[in-house]
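What follows is a set of notes on a single structure, which appears directly below.
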Amino acid sequence: MNDVNDVPVPTPRQASRRHVPAGAAVLALLGLIAAGCGAQEPEQTKGAAAESQELTLQPVGAAGPDPFTASTSTAESAPVQPPVPNRSGQGIRTVGAATPGLYGGTHRLGSCDVERQAAYLTADDAKARAFAQATGVEQEKIPEFLRGLTPVVLRADTRITNHGFRDGRADGYQSVLQAGTAVLVDAHGMPRVRCGCGNPLDAPRSAKGSPVLKGEQWNGYRPNQVIVIEPTIQPVKRLLIVNVADNTWIERKAGDDGAQDNVPKTPPPYDPAEGIPDAPPTPPDDPSDPCATTGPGGPPRTVPQKPPSAPPSGPPQNLPETAPPLDLPETAPPQNLPETAPPLDLPETAPPLDPGAGARSLPETAPPLDPAGQAGPVGTPAEGAP
């Protein structure tokens, strides 16, 4: 096994990175929390990880058991901080991954060195293979996958499925990450990598019975303050996170390390110091989606159907088998017109033409024929006529 500390530090990545959603792994996540629209969990996470009652507590500064790599958390990571208050009084709750204020960070500074993380994993073939199996990505695409994630920090103690590297494979176990832990989240807002140890992360699984706590319990840990993150149905283009330095809002582009951070034009309508709401205050973009939520990553909702044109209940209407004929006359009413058109007011015979117009007057009747049976010129007696 290679010593990860011997891997040279690569050149810091550029501010703009191509976003690469992890589709196959996301499908697995959707079926693990609640869901009617998910897929089966990966084969390597079944068995002991799903059945174990052990719950490992992992403070910000602890690598935890069997880490994949050395820490890649940067100096800009958020300091250890108490979790935001849970005012719902409902204990452990599920929060949508795109909920504003769920994550925090520092303006224009990333919480994880992604290029160093990629170098650590690709330097060890066994670790790269195990990481690829746990995340559902192809081994040769691990650097591309990591560059498509967004570095943030948790603002609440968060229940998660963690994976240590043990016996040449990814060994899943249930854990709680302390608020302030640096993580990389995917296009659906779900934590996928813990920067402090390089471990792949997955959605949590229910344990049978009361959990048996392991690890290091930190001051301020309260079981009823722990949250579970639910991934969004549709990919998100940006996250609204809280600047841990001054408690202001940051709009961070998905897949960016913070270099393109902006102040949101319309900040959320609540103070981030008051806690994390259960879901974003805005509805989803596509209400026709049967798996749509009250907000990106919020709890499932019922999509209203188009109201029927007729009442759905009540006695049936007595309708004739065929439609009655329209009350129309058999024929269109006749117009008030004379039976025949009136004769034109014309003279019985045409008037003689005006000789001055160059036409000769014609006799009313043809001239008689001469004895020889030949007609003479018009208007001229035939030859031999008396």
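By convention in this document, the chains of the structure tokens carry letters A, B, ... by their order, each chain's residues are numbered from 1, and ligands are numbered from 1 in the order they are shown.
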Query raised in the report: Within 9 Å of Gln117 in chain A, counting only C-alpha atoms, which residues qualify if same-chain residues fewer than 5 places away don't, as a PyMOL selection string?
Result: chain A and resi 69-72+112+122+143+146+195+198
Query raised in the report: Got a sec to tell me which of range 79-172 of chain A DSSP assigns to alpha helix (DSSP H), as a ChimeraX atom specification?
Result: /A:114-122,125-135,142-147
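The protein and nucleic acid residues lying at most 9 Å from Trp218 in chain A are Leu57, Gln58, Pro59 and Gln178 of chain A, with only C-alpha atoms considered and sequence neighbours fewer than 5 positions away removed.
Atom pair CA of Thr181 in chain A / CA of Thr56 in chain A has a distance of 14.6 Å (rounded to one decimal).
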Query - Gap from CA of Asp278 in chain A to CA of Val95 in chain A - Å, one decimal - result: 5.1 Å
Query - Between CA of Glu274 in chain A and CA of Asn162 in chain A - distance in Å to one decimal - result: 28.8 Å
Report task. Determine, counting only C-alpha atoms, which protein, DNA and RNA residues have an atom within 8 Å of an atom of Arg194 in chain A; residues of the same chain fewer than 4 positions away are not included. Present the result as a list in words. Result -> Thr181, Ala182, Val183, Leu184, Gly198, Asn199, Pro200 and Leu201 of chain A
Query raised in the report: Which residues come within 12 Å of Thr248 in chain A, counting only C-alpha atoms, excluding same-chain residues fewer than 6 positions away, as a PyMOL selection string?
Result: chain A and resi 100-101+104-107+240-242+262-264+267-268+270-273
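Proximity of A:Ala179, A:Ala259, A:Ala132, A:Leu55 to Leu213 in chain A, computed with only C-alpha atoms, is greatest for A:Leu55.
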Query raised in the report: In terms of the shortest atom-to-atom distance over only C-alpha atoms, which of A:Gly168, A:Arg222, A:Val176, A:Arg238 is closest to Lys127 in chain A?
Result: A:Gly168
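By only C-alpha atoms, and with residues fewer than 2 positions from Gly258 in chain A along its chain excluded, the set lying at most 8 Å from it is A:Ala15, A:Thr106, A:His107, A:Arg108, A:Leu109, A:Gly110, A:Pro151, A:Arg252, A:Lys253, A:Asp256, A:Gln260, A:Asp261.
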Suppose we keep C-alpha atoms; can you now write the selection as an mmCIF file, in the first residue's frame?
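Below is the file that was written, part_30.cif:
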data_model
loop_
_atom_site.group_PDB
_atom_site.id
_atom_site.type_symbol
_atom_site.label_atom_id
_atom_site.label_comp_id
_atom_site.auth_asym_id
_atom_site.auth_seq_id
_atom_site.Cartn_x
_atom_site.Cartn_y
_atom_site.Cartn_z
ATOM 1 C CA ALA A 15 -12.067 28.178 -10.525
ATOM 2 C CA THR A 106 -16.355 30.712 3.574
ATOM 3 C CA HIS A 107 -16.836 33.310 0.847
ATOM 4 C CA ARG A 108 -14.725 32.432 -2.244
ATOM 5 C CA LEU A 109 -12.797 29.734 -0.382
ATOM 6 C CA GLY A 110 -13.274 25.997 -0.706
ATOM 7 C CA PRO A 151 -17.112 21.749 -1.171
ATOM 8 C CA ARG A 252 -22.366 28.912 -4.522
ATOM 9 C CA LYS A 253 -22.481 27.428 -8.007
ATOM 10 C CA ASP A 256 -17.420 25.178 -8.069
ATOM 11 C CA GLN A 260 -17.456 32.126 -8.281
ATOM 12 C CA ASP A 261 -19.376 32.796 -5.065
#
Query raised in the report: What lies within 6 Å of Thr94 in chain A using only C-alpha atoms, ignoring chain neighbours under 3 positions off, as an MDAnalysis selection string?
Result: chainID A and resid 227:229
Could you write out that same residue set with all heavy atoms as a PDB file, in the first residue's frame?
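Written out: part18.pdb:
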ATOM      1  N   ILE A 227     -29.640  15.475  12.141  1.00  0.00           N
ATOM      2  CA  ILE A 227     -30.511  15.528  10.967  1.00  0.00           C
ATOM      3  C   ILE A 227     -30.116  14.435   9.978  1.00  0.00           C
ATOM      4  O   ILE A 227     -29.015  13.884  10.024  1.00  0.00           O
ATOM      5  CB  ILE A 227     -30.460  16.897  10.260  1.00  0.00           C
ATOM      6  CG1 ILE A 227     -29.070  17.130   9.627  1.00  0.00           C
ATOM      7  CG2 ILE A 227     -30.828  18.025  11.210  1.00  0.00           C
ATOM      8  CD1 ILE A 227     -29.025  18.323   8.689  1.00  0.00           C
ATOM      9  N   VAL A 228     -31.035  14.126   9.091  1.00  0.00           N
ATOM     10  CA  VAL A 228     -30.823  13.231   7.956  1.00  0.00           C
ATOM     11  C   VAL A 228     -31.085  14.038   6.696  1.00  0.00           C
ATOM     12  O   VAL A 228     -32.098  14.750   6.610  1.00  0.00           O
ATOM     13  CB  VAL A 228     -31.756  12.008   8.023  1.00  0.00           C
ATOM     14  CG1 VAL A 228     -31.682  11.200   6.733  1.00  0.00           C
ATOM     15  CG2 VAL A 228     -31.400  11.127   9.215  1.00  0.00           C
ATOM     16  N   ILE A 229     -30.187  13.987   5.736  1.00  0.00           N
ATOM     17  CA  ILE A 229     -30.308  14.773   4.498  1.00  0.00           C
ATOM     18  C   ILE A 229     -30.932  13.922   3.412  1.00  0.00           C
ATOM     19  O   ILE A 229     -30.509  12.786   3.178  1.00  0.00           O
ATOM     20  CB  ILE A 229     -28.935  15.301   4.053  1.00  0.00           C
ATOM     21  CG1 ILE A 229     -28.343  16.209   5.138  1.00  0.00           C
ATOM     22  CG2 ILE A 229     -29.052  16.070   2.733  1.00  0.00           C
ATOM     23  CD1 ILE A 229     -26.935  16.678   4.841  1.00  0.00           C
TER      24      ILE A 229
END
Query raised in the report: Which residue, A:Ala245, A:Ile160, A:Ala75, A:Ala98, has the smallest gap to Arg205 in chain A when you use only C-alpha atoms?
Result: A:Ile160
